[in-house]
$ cat structure.cif   # mmCIF, C-alpha atoms; chains and numbers go by the auth columns
data_run
#
loop_
_atom_site.group_PDB
_atom_site.id
_atom_site.type_symbol
_atom_site.label_atom_id
_atom_site.label_comp_id
_atom_site.label_asym_id
_atom_site.label_seq_id
_atom_site.Cartn_x
_atom_site.Cartn_y
_atom_site.Cartn_z
_atom_site.B_iso_or_equiv
_atom_site.auth_seq_id
_atom_site.auth_asym_id
ATOM 1 C CA MET A 1 24.168 -14.025 -39.542 0.00 1 S
ATOM 2 C CA THR A 2 23.594 -17.041 -37.314 0.00 2 S
ATOM 3 C CA ALA A 3 25.005 -15.179 -34.335 0.00 3 S
ATOM 4 C CA VAL A 4 22.568 -12.295 -34.899 0.00 4 S
ATOM 5 C CA THR A 5 19.619 -14.662 -35.227 0.00 5 S
ATOM 6 C CA HIS A 6 20.671 -16.490 -32.090 0.00 6 S
ATOM 7 C CA GLN A 7 21.039 -13.122 -30.287 0.00 7 S
ATOM 8 C CA GLN A 8 17.582 -12.004 -31.483 0.00 8 S
ATOM 9 C CA ARG A 9 16.003 -15.240 -30.224 0.00 9 S
ATOM 10 C CA SER A 10 17.758 -14.835 -26.925 0.00 10 S
ATOM 11 C CA ASN A 11 16.499 -11.221 -26.630 0.00 11 S
ATOM 12 C CA ARG A 12 12.926 -12.274 -27.490 0.00 12 S
ATOM 13 C CA LYS A 13 13.056 -15.049 -24.924 0.00 13 S
ATOM 14 C CA THR A 14 14.340 -12.629 -22.274 0.00 14 S
ATOM 15 C CA ALA A 15 11.644 -10.078 -23.185 0.00 15 S
ATOM 16 C CA PHE A 16 8.940 -12.771 -23.011 0.00 16 S
ATOM 17 C CA ILE A 17 10.163 -13.922 -19.590 0.00 17 S
ATOM 18 C CA ALA A 18 10.282 -10.323 -18.325 0.00 18 S
ATOM 19 C CA LEU A 19 6.743 -9.709 -19.626 0.00 19 S
ATOM 20 C CA ALA A 20 5.470 -12.916 -17.992 0.00 20 S
ATOM 21 C CA ILE A 21 7.058 -11.907 -14.669 0.00 21 S
ATOM 22 C CA ALA A 22 5.568 -8.396 -14.914 0.00 22 S
ATOM 23 C CA LEU A 23 2.080 -9.793 -15.645 0.00 23 S
ATOM 24 C CA GLY A 24 2.454 -12.299 -12.819 0.00 24 S
ATOM 25 C CA MET A 25 3.437 -9.518 -10.402 0.00 25 S
ATOM 26 C CA LEU A 26 0.467 -7.422 -11.548 0.00 26 S
ATOM 27 C CA GLY A 27 -1.870 -10.382 -10.946 0.00 27 S
ATOM 28 C CA LEU A 28 -0.386 -10.928 -7.493 0.00 28 S
ATOM 29 C CA GLY A 29 -0.852 -7.230 -6.767 0.00 29 S
ATOM 30 C CA TYR A 30 -4.578 -7.475 -7.462 0.00 30 S
ATOM 31 C CA ALA A 31 -4.942 -10.748 -5.558 0.00 31 S
ATOM 32 C CA SER A 32 -2.898 -9.581 -2.576 0.00 32 S
ATOM 33 C CA VAL A 33 -5.493 -7.092 -1.282 0.00 33 S
ATOM 34 C CA PRO A 34 -8.323 -9.613 -0.735 0.00 34 S
ATOM 35 C CA LEU A 35 -5.874 -12.299 0.403 0.00 35 S
ATOM 36 C CA TYR A 36 -4.293 -9.894 2.899 0.00 36 S
ATOM 37 C CA ARG A 37 -7.748 -8.858 4.170 0.00 37 S
ATOM 38 C CA ILE A 38 -8.705 -12.518 4.715 0.00 38 S
ATOM 39 C CA PHE A 39 -5.382 -13.204 6.445 0.00 39 S
ATOM 40 C CA CYS A 40 -5.892 -10.209 8.768 0.00 40 S
ATOM 41 C CA GLN A 41 -9.475 -11.205 9.617 0.00 41 S
ATOM 42 C CA VAL A 42 -8.452 -14.767 10.445 0.00 42 S
ATOM 43 C CA THR A 43 -5.368 -13.901 12.488 0.00 43 S
ATOM 44 C CA GLY A 44 -6.206 -10.445 13.849 0.00 44 S
ATOM 45 C CA TYR A 45 -2.965 -9.210 12.277 0.00 45 S
ATOM 46 C CA GLY A 46 -2.658 -5.444 12.029 0.00 46 S
ATOM 47 C CA GLY A 47 -5.449 -4.867 14.524 0.00 47 S
ATOM 48 C CA THR A 48 -8.134 -6.437 12.331 0.00 48 S
ATOM 49 C CA THR A 49 -11.150 -7.783 14.204 0.00 49 S
ATOM 50 C CA LYS A 50 -13.023 -10.998 13.438 0.00 50 S
ATOM 51 C CA ARG A 51 -16.521 -11.054 11.969 0.00 51 S
ATOM 52 C CA VAL A 52 -18.922 -13.669 13.360 0.00 52 S
ATOM 53 C CA ASP A 53 -22.612 -14.399 12.958 0.00 53 S
ATOM 54 C CA ALA A 54 -25.230 -14.359 15.717 0.00 54 S
ATOM 55 C CA THR A 55 -25.410 -18.163 15.820 0.00 55 S
ATOM 56 C CA GLN A 56 -21.693 -18.452 16.490 0.00 56 S
ATOM 57 C CA ALA A 57 -21.845 -15.644 19.070 0.00 57 S
ATOM 58 C CA ALA A 58 -24.675 -17.416 20.919 0.00 58 S
ATOM 59 C CA THR A 59 -22.372 -20.368 21.690 0.00 59 S
ATOM 60 C CA VAL A 60 -19.875 -18.201 23.613 0.00 60 S
ATOM 61 C CA LYS A 61 -20.114 -18.272 27.411 0.00 61 S
ATOM 62 C CA ASP A 62 -19.732 -15.257 29.663 0.00 62 S
ATOM 63 C CA SER A 63 -16.474 -15.666 31.598 0.00 63 S
ATOM 64 C CA GLY A 64 -17.518 -13.426 34.486 0.00 64 S
ATOM 65 C CA ARG A 65 -14.285 -11.425 34.049 0.00 65 S
ATOM 66 C CA THR A 66 -14.301 -7.874 32.735 0.00 66 S
ATOM 67 C CA ILE A 67 -12.172 -5.714 30.470 0.00 67 S
ATOM 68 C CA THR A 68 -12.426 -2.065 29.447 0.00 68 S
ATOM 69 C CA VAL A 69 -13.082 -1.178 25.814 0.00 69 S
ATOM 70 C CA ARG A 70 -12.343 2.340 24.562 0.00 70 S
ATOM 71 C CA PHE A 71 -14.006 3.663 21.399 0.00 71 S
ATOM 72 C CA ASP A 72 -12.259 6.089 19.057 0.00 72 S
ATOM 73 C CA ALA A 73 -13.783 7.849 16.031 0.00 73 S
ATOM 74 C CA ASN A 74 -12.038 9.819 13.287 0.00 74 S
ATOM 75 C CA VAL A 75 -12.767 11.122 9.805 0.00 75 S
ATOM 76 C CA ALA A 76 -10.387 11.411 6.863 0.00 76 S
ATOM 77 C CA ARG A 77 -9.329 14.951 5.946 0.00 77 S
ATOM 78 C CA ASP A 78 -11.726 15.123 2.972 0.00 78 S
ATOM 79 C CA MET A 79 -14.724 13.645 4.843 0.00 79 S
ATOM 80 C CA PRO A 80 -17.261 16.400 5.705 0.00 80 S
ATOM 81 C CA TRP A 81 -18.803 14.495 8.616 0.00 81 S
ATOM 82 C CA GLU A 82 -18.763 14.747 12.360 0.00 82 S
ATOM 83 C CA PHE A 83 -18.273 11.306 13.877 0.00 83 S
ATOM 84 C CA LYS A 84 -17.965 10.209 17.504 0.00 84 S
ATOM 85 C CA PRO A 85 -18.736 7.393 19.939 0.00 85 S
ATOM 86 C CA LEU A 86 -21.720 8.062 22.216 0.00 86 S
ATOM 87 C CA GLN A 87 -19.794 6.405 25.054 0.00 87 S
ATOM 88 C CA VAL A 88 -15.991 6.663 25.071 0.00 88 S
ATOM 89 C CA THR A 89 -15.324 3.684 27.361 0.00 89 S
ATOM 90 C CA ASP A 90 -17.273 0.667 28.513 0.00 90 S
ATOM 91 C CA THR A 91 -16.443 -2.091 30.982 0.00 91 S
ATOM 92 C CA VAL A 92 -17.645 -5.329 29.417 0.00 92 S
ATOM 93 C CA SER A 93 -17.850 -8.910 30.553 0.00 93 S
ATOM 94 C CA ILE A 94 -15.509 -11.093 28.484 0.00 94 S
ATOM 95 C CA GLY A 95 -17.634 -13.489 26.434 0.00 95 S
ATOM 96 C CA ALA A 96 -20.869 -11.498 26.765 0.00 96 S
ATOM 97 C CA ARG A 97 -22.353 -9.626 23.827 0.00 97 S
ATOM 98 C CA ASP A 98 -22.278 -5.853 24.142 0.00 98 S
ATOM 99 C CA MET A 99 -23.219 -2.893 21.971 0.00 99 S
ATOM 100 C CA ALA A 100 -21.517 0.409 21.276 0.00 100 S
ATOM 101 C CA LEU A 101 -23.235 3.319 19.532 0.00 101 S
ATOM 102 C CA PHE A 102 -21.551 5.846 17.266 0.00 102 S
ATOM 103 C CA TRP A 103 -23.052 9.100 15.977 0.00 103 S
ATOM 104 C CA ALA A 104 -22.388 10.717 12.611 0.00 104 S
ATOM 105 C CA LYS A 105 -23.614 13.895 10.951 0.00 105 S
ATOM 106 C CA ASN A 106 -23.110 15.115 7.394 0.00 106 S
ATOM 107 C CA ASP A 107 -22.061 18.770 7.671 0.00 107 S
ATOM 108 C CA SER A 108 -21.955 19.343 3.910 0.00 108 S
ATOM 109 C CA ASP A 109 -24.619 20.496 1.453 0.00 109 S
ATOM 110 C CA GLN A 110 -24.256 17.286 -0.573 0.00 110 S
ATOM 111 C CA THR A 111 -25.120 13.640 -0.020 0.00 111 S
ATOM 112 C CA VAL A 112 -21.983 11.819 1.088 0.00 112 S
ATOM 113 C CA THR A 113 -21.321 8.089 1.115 0.00 113 S
ATOM 114 C CA GLY A 114 -18.518 6.792 3.270 0.00 114 S
ATOM 115 C CA THR A 115 -16.922 3.618 4.504 0.00 115 S
ATOM 116 C CA ALA A 116 -15.230 3.023 7.843 0.00 116 S
ATOM 117 C CA SER A 117 -11.843 1.400 8.266 0.00 117 S
ATOM 118 C CA PHE A 118 -11.041 0.073 11.721 0.00 118 S
ATOM 119 C CA ASN A 119 -8.410 -1.466 13.928 0.00 119 S
ATOM 120 C CA VAL A 120 -7.902 -2.696 17.473 0.00 120 S
ATOM 121 C CA GLU A 121 -5.062 -1.862 19.846 0.00 121 S
ATOM 122 C CA PRO A 122 -3.152 -3.616 21.230 0.00 122 S
ATOM 123 C CA GLU A 123 -2.757 -5.630 18.016 0.00 123 S
ATOM 124 C CA GLN A 124 -2.424 -8.966 19.819 0.00 124 S
ATOM 125 C CA ALA A 125 -5.952 -8.520 21.231 0.00 125 S
ATOM 126 C CA ALA A 126 -7.557 -7.974 17.811 0.00 126 S
ATOM 127 C CA LYS A 127 -8.075 -11.667 17.070 0.00 127 S
ATOM 128 C CA TYR A 128 -10.281 -11.910 20.183 0.00 128 S
ATOM 129 C CA PHE A 129 -12.459 -8.909 19.267 0.00 129 S
ATOM 130 C CA ASN A 130 -15.471 -10.335 17.432 0.00 130 S
ATOM 131 C CA LYS A 131 -18.040 -8.183 15.615 0.00 131 S
ATOM 132 C CA ILE A 132 -21.518 -9.564 15.056 0.00 132 S
ATOM 133 C CA GLN A 133 -23.013 -6.417 13.534 0.00 133 S
ATOM 134 C CA CYS A 134 -21.249 -3.228 12.483 0.00 134 S
ATOM 135 C CA PHE A 135 -21.827 -0.140 10.367 0.00 135 S
ATOM 136 C CA CYS A 136 -18.336 -0.811 9.007 0.00 136 S
ATOM 137 C CA PHE A 137 -19.594 -3.879 7.113 0.00 137 S
ATOM 138 C CA THR A 138 -21.337 -1.660 4.518 0.00 138 S
ATOM 139 C CA GLU A 139 -21.109 1.845 3.083 0.00 139 S
ATOM 140 C CA GLN A 140 -23.088 4.550 4.884 0.00 140 S
ATOM 141 C CA THR A 141 -24.886 7.358 3.032 0.00 141 S
ATOM 142 C CA LEU A 142 -25.987 10.587 4.703 0.00 142 S
ATOM 143 C CA LYS A 143 -27.934 13.409 3.062 0.00 143 S
ATOM 144 C CA PRO A 144 -27.005 17.040 3.788 0.00 144 S
ATOM 145 C CA GLY A 145 -27.420 17.747 7.509 0.00 145 S
ATOM 146 C CA GLU A 146 -28.560 14.182 8.230 0.00 146 S
ATOM 147 C CA GLU A 147 -27.591 12.584 11.556 0.00 147 S
ATOM 148 C CA VAL A 148 -27.524 8.883 12.335 0.00 148 S
ATOM 149 C CA ARG A 149 -26.727 6.528 15.214 0.00 149 S
ATOM 150 C CA MET A 150 -24.761 3.455 14.195 0.00 150 S
ATOM 151 C CA PRO A 151 -24.428 0.345 16.369 0.00 151 S
ATOM 152 C CA VAL A 152 -21.591 -2.129 16.768 0.00 152 S
ATOM 153 C CA LEU A 153 -22.586 -5.448 18.340 0.00 153 S
ATOM 154 C CA TYR A 154 -19.521 -7.329 19.582 0.00 154 S
ATOM 155 C CA TYR A 155 -17.962 -9.582 22.203 0.00 155 S
ATOM 156 C CA ILE A 156 -14.459 -10.337 23.463 0.00 156 S
ATOM 157 C CA ASP A 157 -13.594 -14.029 23.047 0.00 157 S
ATOM 158 C CA PRO A 158 -12.866 -15.653 26.450 0.00 158 S
ATOM 159 C CA ALA A 159 -9.842 -17.348 24.827 0.00 159 S
ATOM 160 C CA ILE A 160 -8.036 -14.040 25.441 0.00 160 S
ATOM 161 C CA LEU A 161 -7.807 -15.070 29.101 0.00 161 S
ATOM 162 C CA ASP A 162 -5.607 -18.056 28.186 0.00 162 S
ATOM 163 C CA ASP A 163 -3.286 -16.125 25.862 0.00 163 S
ATOM 164 C CA PRO A 164 0.008 -15.221 27.570 0.00 164 S
ATOM 165 C CA ASP A 165 0.496 -12.331 25.114 0.00 165 S
ATOM 166 C CA ASN A 166 -2.684 -10.719 26.463 0.00 166 S
ATOM 167 C CA LYS A 167 -2.312 -11.474 30.189 0.00 167 S
ATOM 168 C CA ASP A 168 -1.588 -7.816 31.040 0.00 168 S
ATOM 169 C CA VAL A 169 -4.172 -6.287 28.688 0.00 169 S
ATOM 170 C CA GLU A 170 -6.731 -4.303 30.666 0.00 170 S
ATOM 171 C CA LEU A 171 -7.844 -1.895 27.919 0.00 171 S
ATOM 172 C CA ILE A 172 -8.737 -2.598 24.283 0.00 172 S
ATOM 173 C CA THR A 173 -9.243 0.316 21.894 0.00 173 S
ATOM 174 C CA LEU A 174 -11.584 -0.048 18.912 0.00 174 S
ATOM 175 C CA SER A 175 -10.839 2.749 16.465 0.00 175 S
ATOM 176 C CA TYR A 176 -12.730 3.780 13.315 0.00 176 S
ATOM 177 C CA THR A 177 -11.918 6.231 10.546 0.00 177 S
ATOM 178 C CA PHE A 178 -14.575 7.208 7.989 0.00 178 S
ATOM 179 C CA HIS A 179 -13.403 7.795 4.412 0.00 179 S
ATOM 180 C CA VAL A 180 -15.336 9.328 1.505 0.00 180 S
ATOM 181 C CA THR A 181 -16.559 6.817 -1.054 0.00 181 S
ATOM 182 C CA SER A 182 -18.605 9.269 -3.115 0.00 182 S
ATOM 183 C CA ILE A 183 -20.044 12.764 -2.923 0.00 183 S
ATOM 184 C CA GLY A 184 -23.101 13.654 -4.924 0.00 184 S
ATOM 185 C CA ASP A 185 -25.906 16.160 -5.151 0.00 185 S
ATOM 186 C CA ALA A 186 -28.835 14.970 -2.995 0.00 186 S
ATOM 187 C CA LYS A 187 -31.349 15.727 -5.773 0.00 187 S
ATOM 188 C CA THR A 188 -29.390 13.631 -8.274 0.00 188 S
ATOM 189 C CA LEU A 189 -29.122 10.698 -5.863 0.00 189 S
ATOM 190 C CA ASP A 190 -32.828 10.963 -4.953 0.00 190 S
ATOM 191 C CA ARG A 191 -33.727 10.872 -8.662 0.00 191 S
ATOM 192 C CA GLU A 192 -31.491 7.822 -9.208 0.00 192 S
ATOM 193 C CA GLN A 193 -33.053 6.017 -6.240 0.00 193 S
ATOM 194 C CA THR A 194 -36.647 6.730 -7.323 0.00 194 S
ATOM 195 C CA GLY A 195 -35.934 6.095 -11.006 0.00 195 S
ATOM 196 C CA GLY A 196 -36.928 9.667 -11.939 0.00 196 S
#
$ encode --input "structure.cif" --output "structure tokens"
Amino acid sequence: MTAVTHQQRSNRKTAFIALAIALGMLGLGYASVPLYRIFCQVTGYGGTTKRVDATQAATVKDSGRTITVRFDANVARDMPWEFKPLQVTDTVSIGARDMALFWAKNDSDQTVTGTASFNVEPEQAAKYFNKIQCFCFTEQTLKPGEEVRMPVLYYIDPAILDDPDNKDVELITLSYTFHVTSIGDAKTLDREQTGG
């Protein structure tokens, strides 16, 4: 009888430990997404750009050296939009603020809200690509047939010139992919927005 009781306690303890580990792993799973995003934004890992404010950008000096930036635009398979850069390449002065414009059109008969994911290639250059303003910072909503121009205000940090990993980089590609966040009837969304 004592052996069975001891075995039952041992089984309960093992089950409790397994449950605690499973809950801990679940918590880490939820926390890992924002932590990974912060890590990528700080380090440029995985082609993630940095986000800066206008005050910080104003302190950066133009280096007088140039680099070519290529713009790429894609949509996810289920996204009923057309999406493209208005200029495919641009030669920019490293350290100077520049702007790229993208165009999008909703080809569906419903209002569509989307969000843009992005990355920079080559990956080692991403930490020097700084965005001041970008349509990718918020969701974008287009009504049926609606077209919009969306700006990206950015600069390349002059520190890239001192990085041996980037000494041969002559072209940086900024790539976006729009994904559907929600699709809804335009009349329903208009009623919700006007409170009717």
$ residues_around --input "structure.cif" --residues "range 99-104 of chain S" --least-positions-apart "5" --cutoff "9 Å" --atoms "all atoms listed in the file" --output "MDAnalysis selection string"
chainID S and resid 71 73 81:87 90 142 146:155
$ residues_around --input "structure.cif" --residues "Phe178 in chain S" --least-positions-apart "5" --cutoff "9 Å" --atoms "all atoms listed in the file" --output "count of residues only"
13
$ resolve_selection --input "structure.cif" --expression "the PyMOL selection byres ((chain S and resi 172) around 8)" --output "VMD selection string"
chain S and resid 67 to 70 120 to 122 125 169 to 171 173 to 174
$ closest_residue --input "structure.cif" --among "S:Pro158, S:Ser175, S:Asn11, S:Gly145" --to "Lys105 in chain S" --atoms "all atoms listed in the file"
S:Gly145
$ residues_near_point --input "structure.cif" --point "(-16.4, -9.2, 27.3)" --cutoff "10 Å" --atoms "all atoms listed in the file" --output "JSON, numbers by chain"
{"S": [61, 62, 63, 64, 65, 66, 67, 68, 69, 90, 91, 92, 93, 94, 95, 96, 97, 98, 128, 129, 130, 154, 155, 156, 157, 158, 160]}
$ atom_distance --input "structure.cif" --atom1 "CA of Asp162 in chain S" --atom2 "CA of Glu123 in chain S"
16.3 Å
$ closest_residue --input "structure.cif" --among "S:Thr14, S:Thr113, S:Asn119, S:Gln133" --to "Asp53 in chain S" --atoms "all atoms listed in the file"
S:Gln133
$ atom_distance --input "structure.cif" --atom1 "CA of Ser182 in chain S" --atom2 "CA of Ile132 in chain S"
26.3 Å
$ atom_distance --input "structure.cif" --atom1 "CA of Thr111 in chain S" --atom2 "CA of Thr141 in chain S"
7.0 Å
$ closest_residue --input "structure.cif" --among "S:Asp72, S:Glu139, S:Asp165, S:Asp78" --to "Ser108 in chain S" --atoms "all atoms listed in the file"
S:Asp78
$ resolve_selection --input "structure.cif" --expression "the PyMOL selection byres ((chain S and resi 110) around 7)" --output "MDAnalysis selection string"
chainID S and resid 108:109 111:112 143:144 183:186
